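> Pasting in a structure now, in structure tokens, and then I'll have a few things to ask.
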Amino acid sequence: MTNLAIAANGLRKSYRDKDGDKVVLDGVDLAVPEGTIFSLLGPNGAGKTTTVQILSTLIRADGGQVQVAGYDLNRQADDVRGAIGVTGQYSAVDKLLTGEENLLLMADLKHLPKREGKRRAKELLEKFDLVEAGGKPAATYSGGMRRRLDLAMTLVGDPRLIFLDEPTTGLDPRSRRSMWGIVRDLVKNGVTIFLTTQYLEEADELADRIALLDHGRLIAEGTAEELKRLIPGGHIELTFADTHLLEAARHLVGAGTGAGAAAPEALTLQVPSDGSVGAVRELLALLDERSIDVAEMRVHTPDLDDVFLTLTGRQQKESLR
Amino acid sequence: MSTLTLAARDSSTMVRRQLRRLLRYPSMTVQLVVTPVILLLLFVYVFGGTLGDGLGGGPGGRDAYVNYVVPGILLMAAATAATGTAVMVATDMTEGIIARFRTMRISRASVLTGHVVGSVIQQLLGMAVLIGIALAIGFRPNATPVEWLAAAGLLTFFVVAITWLAVALGLKSPTPEAASNAPIPLVFLPFLGSGFVPTDSMPTVLRWFAEYQPLTPIMETVRGLLLGTPIGNSAAIATAWCAAIAAASYLWAKSTFNKA
Ligand SMILES: Nc1ncnc2c1ncn2[C@@H]1O[C@H](COP(=O)(O)OP(=O)(O)OP(=O)(O)O)[C@@H](O)[C@H]1O
Ligand SMILES: [Mg+2]
């Protein structure tokens with residue numbers, strides 16, 4: 001069995017406000033193996049940030065057993081802190097200091113030797129495309145630059161476990177992609193990533209495992225593939241020039257895969273499929289063999305959006321009842 | 001490395017952070033230096049002629065008042081600076097960087113120590129300028145080097161104490177705006193003591209308060225050391241007050257910071 005970077009059991013947290021206790025986390029269980037990317041997905045107010053804050057020792061849970069990086073969260077908080085790096089949802093840079101000074105500050109606090117700290121700061125400025133901005137106060141940075149500096153600061157001490165709370169919110173597509181590249185590199189070197197995001201594409205792209213958090217409970221967990229299988233609807237839609245071809249194709253596919261919903265008026269046929277390249281190629285090859293010309297083709301894969309909306313919507317209806 | 005060495009190292013890192021911030025945004029420091037200077041000039045040139053005549057003994061007038069008022073202005077400068085420190089701490093606490101510090105394995109008090117040392121340096125600088133200007137406009141202390149040193153020591157001790165208090169007040173404040181109000185009573189304390197007029201000219205209740213509040217023995221001691229007026233047991237009381245305020249405020253600030 002691989003070691004778990006995070007093991008949480010029955011994590012609970014509520015906030016007291018004027019109309020009584022508000023339950024934010026209602027018994028969350030997490031198991032994140034070392035060296036993997038785990039993504040916590042959820043709508044606004046689901047409790048993602050609260051989870052990150054608890055796991056990173058920023059706030060205390062009301063209940064639950066939690067081990068982070070092999071240490072007990074309550075009794076060995078300082079050891080946990082020594083092992084983790086955190087990039088929170090909100091910018092955590094010193095705006096009055098320059099980018100380079102911020103990195104050197106982290107190096108000093110991580111007790112790196114002076115020379116080593118300088119080297120690491122330089123390396124990170126390069127890696128995060130901040131060389132030019134390095135000498136300017138962080139207050140003058142754009143949102144994306146500040147976000148990059150934020151992550152660079154988290155990496156100074158080479159933590160083994162990194163929390164990223166919505167790391168790409170507010171980034172343009174290019175910066176988002178480069179952030180993904182950096183995250184992948186980190187994992188290649190054995191780092192564990194705990195990532196929250198609102199972008200399902202991001203979870204799909206990066207995460208080994210995804211958990212869906214809604215109203216303080218995990219409502220689904222698994223790989224992106226597993227989650228997509230939870231809801232039906234993946235298919236390839238074929239359009240033909242005439243009913244003759246449509247019928248021929250329906251026969252062929254019907255015999256081959258067992259199902260195929262035809263809509264004769266529209267001359268289209270829906271073939272259930274996971275939408276992968278292999279499946280598409282196979283289907284087209286089959287049709288080609290029988291010389292059935294396809295006029296148009298569309299692939300519809302259930303994406304995590306479907307999963308997300310279906311599952312969180314269902315939850316909502318249940319709670320309304 | 002031992003816990004203590006690590007704490008010292010983190011503190012020095014945080015002090016450097018704070019000094020760098022202060023250097024980059026000097027307007028706050030400039031204000032801290034300029035405000036007491038204006039007060040000094042105001043008291044000496046506007047009120048000084050009259051107030052000096054009321055001091056009793058000696059020739060009176062403006063020249064006598066310069067000598068009398070300097071310790072009061074010095075303490076008032078420290079109290080004004082405390083307001084600035086409280087605001088700065090409260091503002092800093094709203095910054096994400098503090099949350100980052102909390103998730104790191106560092107000595108927690110070091111964040112606060114950085115603020116305290118930065119502010120103390122800032123204030124001592126301000127006091128030096130203030131004394132320089134006072135000397136230029138007729139302040140005539142007769143202190144020996146040892147007495148100067150003792151006065152500087154006591155003032156530094158007081159500044160450290162009141163800065164820890166300001167840090168605690170800043171941490172307790174929900175917003176930076178609230179933090180700017182909390183230390184205001186401190187600014188008035190020199191008036192309700194022997195800072196601007198001798199306490200025996202005050203009505204009974206006020207005089208009683210003036211004689212027993214912490215700032216009076218401090219001002220009396222500084223005055224005695226610099227100008228040779230009688231000190232009596234003021235020095236001991238002043239030191240005790242500073243120690244008590246510093247210790248209580250340090251513990252208060254530390255526990256507030258750890259709880260949040
Ligand atoms: N300090 C607090 N006091 C009271 N309630 C809080 C506090 N912090 C968070 N909450 C509540 O807890 C719930 C979960 O908040 P949290 O920030 O964890 O959500 P999130 O999933 O990160 O949302 P988002 O996607 O908007 O960042 C929200 O309803 C929020 O109002
Ligand atoms: Mg959040």
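Ordered as shown in the structure tokens, chains take letters A, B, and onward, while each chain numbers its residues from 1 and ligands are numbered from 1 in the order shown.
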Give me the residues of chain A that have any atom at most 8 Å from an atom of ligand 2; for each, the nearest atom pair and the distance in Å, rounded to one decimal. Use only C-alpha atoms and all ligand atoms, sort by chain and number, and format it as CSV.

```
residue,atom,partner,partner_atom_place_in_ligand_line,distance
A:Asn44,CA,ligand 2,1 (Mg),7.0
A:Gly45,CA,ligand 2,1 (Mg),6.9
A:Gly47,CA,ligand 2,1 (Mg),6.9
A:Lys48,CA,ligand 2,1 (Mg),5.4
A:Thr49,CA,ligand 2,1 (Mg),4.0
A:Thr50,CA,ligand 2,1 (Mg),7.2
A:Gln89,CA,ligand 2,1 (Mg),6.0
A:Asp165,CA,ligand 2,1 (Mg),6.7
A:Glu166,CA,ligand 2,1 (Mg),7.2
A:Thr196,CA,ligand 2,1 (Mg),8.0
```
> Using all heavy atoms, can you write the selected residues to a file as a JSON list (two decimals), in the first residue's frame?

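What landed in result.json:
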```json
[["chain", "number", "residue", "atom", "x", "y", "z"],
["A", 44, "ASN", "N", -19.49, 27.47, -5.26],
["A", 44, "ASN", "CA", -19.19, 28.52, -4.28],
["A", 44, "ASN", "C", -19.81, 28.16, -2.94],
["A", 44, "ASN", "O", -20.95, 27.74, -2.87],
["A", 44, "ASN", "CB", -19.79, 29.86, -4.72],
["A", 44, "ASN", "CG", -19.03, 30.46, -5.89],
["A", 44, "ASN", "OD1", -19.61, 30.94, -6.82],
["A", 44, "ASN", "ND2", -17.72, 30.41, -5.84],
["A", 45, "GLY", "N", -19.01, 28.33, -1.90],
["A", 45, "GLY", "CA", -19.54, 28.11, -0.55],
["A", 45, "GLY", "C", -19.64, 26.66, -0.15],
["A", 45, "GLY", "O", -20.18, 26.33, 0.90],
["A", 47, "GLY", "N", -17.31, 24.73, 0.82],
["A", 47, "GLY", "CA", -16.42, 24.41, 1.93],
["A", 47, "GLY", "C", -15.02, 24.03, 1.50],
["A", 47, "GLY", "O", -14.24, 23.51, 2.29],
["A", 48, "LYS", "N", -14.65, 24.34, 0.26],
["A", 48, "LYS", "CA", -13.33, 23.98, -0.25],
["A", 48, "LYS", "C", -12.24, 24.72, 0.51],
["A", 48, "LYS", "O", -11.29, 24.11, 1.01],
["A", 48, "LYS", "CB", -13.21, 24.34, -1.75],
["A", 48, "LYS", "CG", -14.26, 23.69, -2.63],
["A", 48, "LYS", "CD", -14.03, 24.02, -4.09],
["A", 48, "LYS", "CE", -14.19, 25.49, -4.43],
["A", 48, "LYS", "NZ", -15.56, 26.01, -4.29],
["A", 49, "THR", "N", -12.38, 26.04, 0.58],
["A", 49, "THR", "CA", -11.36, 26.83, 1.27],
["A", 49, "THR", "C", -11.27, 26.44, 2.74],
["A", 49, "THR", "O", -10.17, 26.30, 3.29],
["A", 49, "THR", "CB", -11.68, 28.33, 1.12],
["A", 49, "THR", "OG1", -11.62, 28.68, -0.26],
["A", 49, "THR", "CG2", -10.69, 29.18, 1.89],
["A", 50, "THR", "N", -12.42, 26.21, 3.35],
["A", 50, "THR", "CA", -12.42, 25.78, 4.75],
["A", 50, "THR", "C", -11.63, 24.48, 4.90],
["A", 50, "THR", "O", -10.83, 24.34, 5.84],
["A", 50, "THR", "CB", -13.87, 25.59, 5.23],
["A", 50, "THR", "OG1", -14.59, 26.78, 4.97],
["A", 50, "THR", "CG2", -13.92, 25.26, 6.71],
["A", 89, "GLN", "N", -6.48, 30.86, -1.57],
["A", 89, "GLN", "CA", -7.34, 31.44, -2.60],
["A", 89, "GLN", "C", -7.03, 32.92, -2.80],
["A", 89, "GLN", "O", -7.11, 33.43, -3.90],
["A", 89, "GLN", "CB", -8.81, 31.25, -2.19],
["A", 89, "GLN", "CG", -9.78, 31.76, -3.23],
["A", 89, "GLN", "CD", -11.21, 31.32, -2.91],
["A", 89, "GLN", "OE1", -11.47, 30.68, -1.90],
["A", 89, "GLN", "NE2", -12.13, 31.69, -3.77],
["A", 165, "ASP", "N", -5.38, 26.45, -3.53],
["A", 165, "ASP", "CA", -6.80, 26.78, -3.47],
["A", 165, "ASP", "C", -7.14, 27.66, -4.68],
["A", 165, "ASP", "O", -6.79, 28.83, -4.71],
["A", 165, "ASP", "CB", -7.12, 27.50, -2.15],
["A", 165, "ASP", "CG", -8.61, 27.53, -1.87],
["A", 165, "ASP", "OD1", -9.39, 27.05, -2.71],
["A", 165, "ASP", "OD2", -8.99, 28.03, -0.80],
["A", 166, "GLU", "N", -7.80, 27.07, -5.64],
["A", 166, "GLU", "CA", -8.15, 27.75, -6.89],
["A", 166, "GLU", "C", -6.95, 28.48, -7.51],
["A", 166, "GLU", "O", -6.97, 29.70, -7.66],
["A", 166, "GLU", "CB", -9.30, 28.73, -6.65],
["A", 166, "GLU", "CG", -10.52, 28.01, -6.09],
["A", 166, "GLU", "CD", -11.78, 28.85, -6.19],
["A", 166, "GLU", "OE1", -11.79, 29.82, -6.96],
["A", 166, "GLU", "OE2", -12.76, 28.50, -5.50],
["A", 196, "THR", "N", -7.95, 22.71, -5.17],
["A", 196, "THR", "CA", -9.38, 22.96, -5.30],
["A", 196, "THR", "C", -9.58, 23.78, -6.56],
["A", 196, "THR", "O", -8.69, 24.51, -6.97],
["A", 196, "THR", "CB", -9.97, 23.77, -4.13],
["A", 196, "THR", "OG1", -9.67, 25.14, -4.33],
["A", 196, "THR", "CG2", -9.43, 23.31, -2.81]]
```
> What's around Leu218 of chain A at 8 Å? Count only C-alpha atoms, leave out sequence neighbours fewer than 6 positions away in its own chain, and write the answer as a list of chain:residue names.
A:Val28, A:Asp29, A:Ala211, A:Leu212
> Excluding Gly126 of chain B and residues on its chain fewer than 4 positions from it, collect all residues at most 8 Å away from it, counting only C-alpha atoms, and give them as an MDAnalysis selection string.
chainID B and resid 32:33 122 130
> Considering only C-alpha atoms, extract the chain A residues located within 6 Å of chain B and return them as a list of chain:residue names.
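Contact residues on the first chain: A:Asp78, A:Arg81, A:Gly82, A:Ser91, A:Ala92, A:Val93, A:Asp94.
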> With N, CA, C and O atoms retained, export the selected residues as a short mmCIF file (atom, residue, chain, number, x, y, z; two decimals), in the first residue's frame.

```
data_model
loop_
_atom_site.label_atom_id
_atom_site.label_comp_id
_atom_site.auth_asym_id
_atom_site.auth_seq_id
_atom_site.Cartn_x
_atom_site.Cartn_y
_atom_site.Cartn_z
N ASP A 78 3.13 21.77 14.11
CA ASP A 78 4.37 22.37 13.62
C ASP A 78 5.09 21.46 12.63
O ASP A 78 5.70 21.94 11.67
N ARG A 81 3.33 21.82 9.41
CA ARG A 81 3.74 23.07 8.75
C ARG A 81 5.09 22.93 8.07
O ARG A 81 5.33 23.53 7.02
N GLY A 82 5.98 22.15 8.67
CA GLY A 82 7.30 21.98 8.08
C GLY A 82 7.25 21.20 6.77
O GLY A 82 8.17 21.27 5.96
N SER A 91 -4.48 36.24 -2.45
CA SER A 91 -3.07 36.54 -2.59
C SER A 91 -2.36 36.62 -1.24
O SER A 91 -2.83 37.26 -0.31
N ALA A 92 -1.23 35.94 -1.11
CA ALA A 92 -0.48 35.92 0.13
C ALA A 92 0.95 36.38 -0.10
O ALA A 92 1.90 35.72 0.28
N VAL A 93 1.08 37.53 -0.79
CA VAL A 93 2.41 38.09 -1.00
C VAL A 93 2.47 39.40 -0.21
O VAL A 93 1.45 39.97 0.13
N ASP A 94 3.70 39.82 0.13
CA ASP A 94 3.85 41.11 0.79
C ASP A 94 3.91 42.17 -0.30
O ASP A 94 4.89 42.27 -1.03
#
```
> Check the smallest atom-to-atom distance from each of A:Met106, A:Leu213, A:Leu230, A:Ala69 to ligand 1 using only C-alpha atoms and all ligand atoms, then report the winner.
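Of all the options, A:Leu213 lies closest to ligand 1.
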> What is the distance, in Å and to one decimal place, between atom 7 (C, counted along the ligand's line) of ligand 1 and atom CA of Leu195 of chain A?
19.7 Å
> Might you pull out every residue within 7 Å of segment 189-194 of chain B, with only C-alpha atoms counted and same-chain residues fewer than 3 positions away left off, and present them as a VMD selection string?
chain B and resid 72 75 to 76 185 to 186 197 to 199 210 to 211 215 to 216
> So, with only C-alpha atoms and all ligand atoms as the atoms that count, which of A:Val66, A:Val307, A:Val156, A:Leu164 lies closest to ligand 1?
A:Leu164
> Select, from A:Thr98, A:Thr197, A:Ser291, A:Gln270, the residue with the minimum atom-to-atom distance to ligand 1, counting only C-alpha atoms and all ligand atoms.
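Nearest to ligand 1: A:Thr197.
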> Give me, as an MDAnalysis selection string, all polymer residues having an atom no more than 12 Å from Ala90 of chain B, counting only C-alpha atoms and skipping those fewer than 4 positions away in the same chain.
chainID B and resid 83:86 94:95 98 112 115 166:182 253 257
> Go ahead and dump the residues you just picked, C-alpha atoms, as a tab-separated table (two decimals), in the first residue's frame.

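Below is the file that was written, part-v9.tsv:
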```tsv
chain	number	residue	atom	x	y	z
B	83	THR	CA	-1.35	54.76	17.17
B	84	GLY	CA	0.60	54.30	13.95
B	85	THR	CA	1.92	50.94	15.10
B	86	ALA	CA	-1.56	49.69	16.04
B	94	THR	CA	-5.67	41.63	7.01
B	95	GLU	CA	-2.96	40.76	4.49
B	98	ILE	CA	0.14	36.70	7.54
B	112	LEU	CA	5.12	40.60	16.18
B	115	HIS	CA	6.73	45.05	14.14
B	166	ALA	CA	0.05	49.05	20.56
B	167	VAL	CA	0.69	45.70	18.87
B	168	ALA	CA	-1.79	44.02	21.22
B	169	LEU	CA	-4.38	46.73	20.60
B	170	GLY	CA	-3.81	46.43	16.86
B	171	LEU	CA	-4.32	42.66	17.01
B	172	LYS	CA	-7.50	43.06	19.05
B	173	SER	CA	-9.00	45.54	16.61
B	174	PRO	CA	-11.37	44.09	14.05
B	175	THR	CA	-10.37	46.71	11.45
B	176	PRO	CA	-7.50	49.14	10.88
B	177	GLU	CA	-9.96	52.00	11.49
B	178	ALA	CA	-10.80	50.66	14.93
B	179	ALA	CA	-7.09	50.26	15.59
B	180	SER	CA	-6.53	53.96	15.00
B	181	ASN	CA	-8.90	54.81	17.86
B	182	ALA	CA	-7.76	52.32	20.47
B	253	ALA	CA	-0.34	40.22	22.05
B	257	PHE	CA	-2.02	36.33	17.71
```
> Find the residue from A:Asp19, A:Glu289, A:Glu101, A:Glu116 that sits nearest to ligand 1; use only C-alpha atoms and all ligand atoms when measuring.
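That would be A:Asp19, the residue with the smallest distance to ligand 1.
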> For Asp158 of chain A, list every protein, DNA or RNA residue within 10 Å, evaluated using only C-alpha atoms, and leave out those in the same chain fewer than 6 positions away; present the list as a list in words.
Ala83, Ile84, Gly85, Lys110, Arg120, Leu186 and Val191 of chain A
> Keeping N, CA and C atoms for every residue in the selection just given, could you write it to a file as an mmCIF file, in the first residue's frame?

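As written to disk, selection_22.cif reads:
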```
data_model
loop_
_atom_site.group_PDB
_atom_site.id
_atom_site.type_symbol
_atom_site.label_atom_id
_atom_site.label_comp_id
_atom_site.auth_asym_id
_atom_site.auth_seq_id
_atom_site.Cartn_x
_atom_site.Cartn_y
_atom_site.Cartn_z
ATOM 1 N N ALA A 83 6.176 20.444 6.566
ATOM 2 C CA ALA A 83 6.124 19.552 5.398
ATOM 3 C C ALA A 83 5.297 20.109 4.249
ATOM 4 N N ILE A 84 4.479 21.120 4.533
ATOM 5 C CA ILE A 84 3.533 21.559 3.505
ATOM 6 C C ILE A 84 3.888 22.929 2.923
ATOM 7 N N GLY A 85 3.276 23.219 1.780
ATOM 8 C CA GLY A 85 3.313 24.554 1.197
ATOM 9 C C GLY A 85 1.891 24.912 0.833
ATOM 10 N N LYS A 110 12.498 29.694 5.689
ATOM 11 C CA LYS A 110 12.716 28.251 5.555
ATOM 12 C C LYS A 110 14.115 27.879 6.026
ATOM 13 N N ARG A 120 17.853 29.883 -5.292
ATOM 14 C CA ARG A 120 16.484 29.382 -5.435
ATOM 15 C C ARG A 120 15.548 30.507 -5.904
ATOM 16 N N LEU A 186 5.822 19.229 -10.850
ATOM 17 C CA LEU A 186 5.977 19.004 -9.411
ATOM 18 C C LEU A 186 5.654 17.546 -9.077
ATOM 19 N N VAL A 191 5.982 15.161 -5.651
ATOM 20 C CA VAL A 191 5.214 16.031 -4.759
ATOM 21 C C VAL A 191 3.733 15.647 -4.828
#
```
> Step one, run DSSP on the backbone; step two, keep only residues of segment 10-64 of chain B assigned to helix (DSSP H, G or I); then write them as number ranges by chain.
B: 10-24, 27-53, 61-64
> Filtering to C-alpha atoms, could you give me those residues as a compact mmCIF listing (two decimals), in the first residue's frame?

```
# COMPACT_ATOMS: atom_id res chain seq x y z
CA ASP B 10 12.98 34.25 12.41
CA SER B 11 12.69 37.43 14.45
CA SER B 12 15.66 39.01 12.72
CA THR B 13 14.14 38.03 9.36
CA MET B 14 10.88 39.68 10.34
CA VAL B 15 12.70 42.79 11.60
CA ARG B 16 14.40 43.08 8.23
CA ARG B 17 11.04 42.71 6.51
CA GLN B 18 9.58 45.48 8.62
CA LEU B 19 12.53 47.86 8.19
CA ARG B 20 12.45 47.33 4.44
CA ARG B 21 8.75 48.16 4.39
CA LEU B 22 9.32 51.28 6.48
CA LEU B 23 12.15 52.43 4.24
CA ARG B 24 10.11 51.89 1.12
CA SER B 27 5.79 58.91 4.68
CA MET B 28 4.67 57.26 7.92
CA THR B 29 8.08 57.77 9.50
CA VAL B 30 8.20 61.37 8.34
CA GLN B 31 4.81 61.99 9.90
CA LEU B 32 5.95 60.37 13.14
CA VAL B 33 8.91 62.72 13.30
CA VAL B 34 7.15 65.87 12.18
CA THR B 35 4.02 65.75 14.38
CA PRO B 36 5.84 65.96 17.75
CA VAL B 37 8.13 68.67 16.39
CA ILE B 38 5.10 70.77 15.51
CA LEU B 39 3.66 70.12 18.99
CA LEU B 40 6.94 71.18 20.55
CA LEU B 41 7.03 74.42 18.58
CA LEU B 42 3.36 75.04 19.37
CA PHE B 43 3.79 74.58 23.10
CA VAL B 44 7.00 76.55 23.33
CA TYR B 45 6.15 79.50 21.11
CA VAL B 46 2.38 79.79 21.57
CA PHE B 47 1.76 78.69 25.16
CA GLY B 48 5.32 78.73 26.47
CA GLY B 49 5.57 82.37 27.50
CA THR B 50 2.56 82.19 29.77
CA LEU B 51 2.90 78.60 31.00
CA GLY B 52 6.56 79.17 31.82
CA ASP B 53 5.68 82.03 34.17
CA GLY B 61 8.97 82.46 30.72
CA ARG B 62 9.57 80.66 27.46
CA ASP B 63 13.12 79.54 28.30
CA ALA B 64 12.00 77.81 31.46
```
> As a ChimeraX atom specification, please: the residues near Val299 of chain A (cut-off 7 Å, only C-alpha atoms, same-chain neighbours under 3 positions excluded).
/A:235-237,275
> Generate a file of the selected residues that holds N, CA, C and O atoms, formatted as a PDB file, in the first residue's frame.

```
ATOM      1  N   HIS A 235     -22.217   9.985 -26.442  1.00  0.00           N
ATOM      2  CA  HIS A 235     -22.579   9.345 -27.697  1.00  0.00           C
ATOM      3  C   HIS A 235     -21.901  10.020 -28.881  1.00  0.00           C
ATOM      4  O   HIS A 235     -21.366  11.121 -28.760  1.00  0.00           O
ATOM      5  N   ILE A 236     -21.935   9.319 -30.018  1.00  0.00           N
ATOM      6  CA  ILE A 236     -21.492   9.913 -31.276  1.00  0.00           C
ATOM      7  C   ILE A 236     -22.722  10.106 -32.133  1.00  0.00           C
ATOM      8  O   ILE A 236     -23.533   9.188 -32.276  1.00  0.00           O
ATOM      9  N   GLU A 237     -22.863  11.297 -32.664  1.00  0.00           N
ATOM     10  CA  GLU A 237     -24.037  11.586 -33.474  1.00  0.00           C
ATOM     11  C   GLU A 237     -23.638  11.612 -34.947  1.00  0.00           C
ATOM     12  O   GLU A 237     -22.746  12.367 -35.334  1.00  0.00           O
ATOM     13  N   GLY A 275     -16.749   8.307 -26.662  1.00  0.00           N
ATOM     14  CA  GLY A 275     -16.243   9.444 -27.431  1.00  0.00           C
ATOM     15  C   GLY A 275     -14.741   9.476 -27.611  1.00  0.00           C
ATOM     16  O   GLY A 275     -14.199  10.455 -28.108  1.00  0.00           O
TER      17      GLY A 275
END
```
> Would you mind telling me which residue in B:Thr204, B:Gln123, B:Ser110, B:Thr144 lies nearest to Ile162 of chain B when using only C-alpha atoms?
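With only C-alpha atoms as the atom set, the closest residue is B:Gln123.
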> Just how far from atom CA of Thr163 of chain B is atom CA of Ala109 of chain B, in Å to one decimal?
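Pair atom CA of Ala109 of chain B / atom CA of Thr163 of chain B returns 14.2 Å.
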> Among the residues of segment 141-253 of chain A, find those DSSP assigns to strand (DSSP E) from the backbone and print them as a list in words.
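Here is the list: Leu161, Ile162, Phe163, Leu164, Asp165, Thr192, Ile193, Phe194, Leu195, Thr196, Thr197, Arg209, Ile210, Ala211, Leu212, Leu213, Asp214, Arg217, Leu218, Ile219, Ala220, Glu221, Gly222, His235, Ile236, Glu237, Leu238 and Thr239 of chain A.
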> As an exercise, work out the distance from atom CA of Leu55 of chain B to atom CA of Ala238 of chain B in Å and give it to one decimal place.
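That distance, rounded to one decimal, is 23.0 Å.
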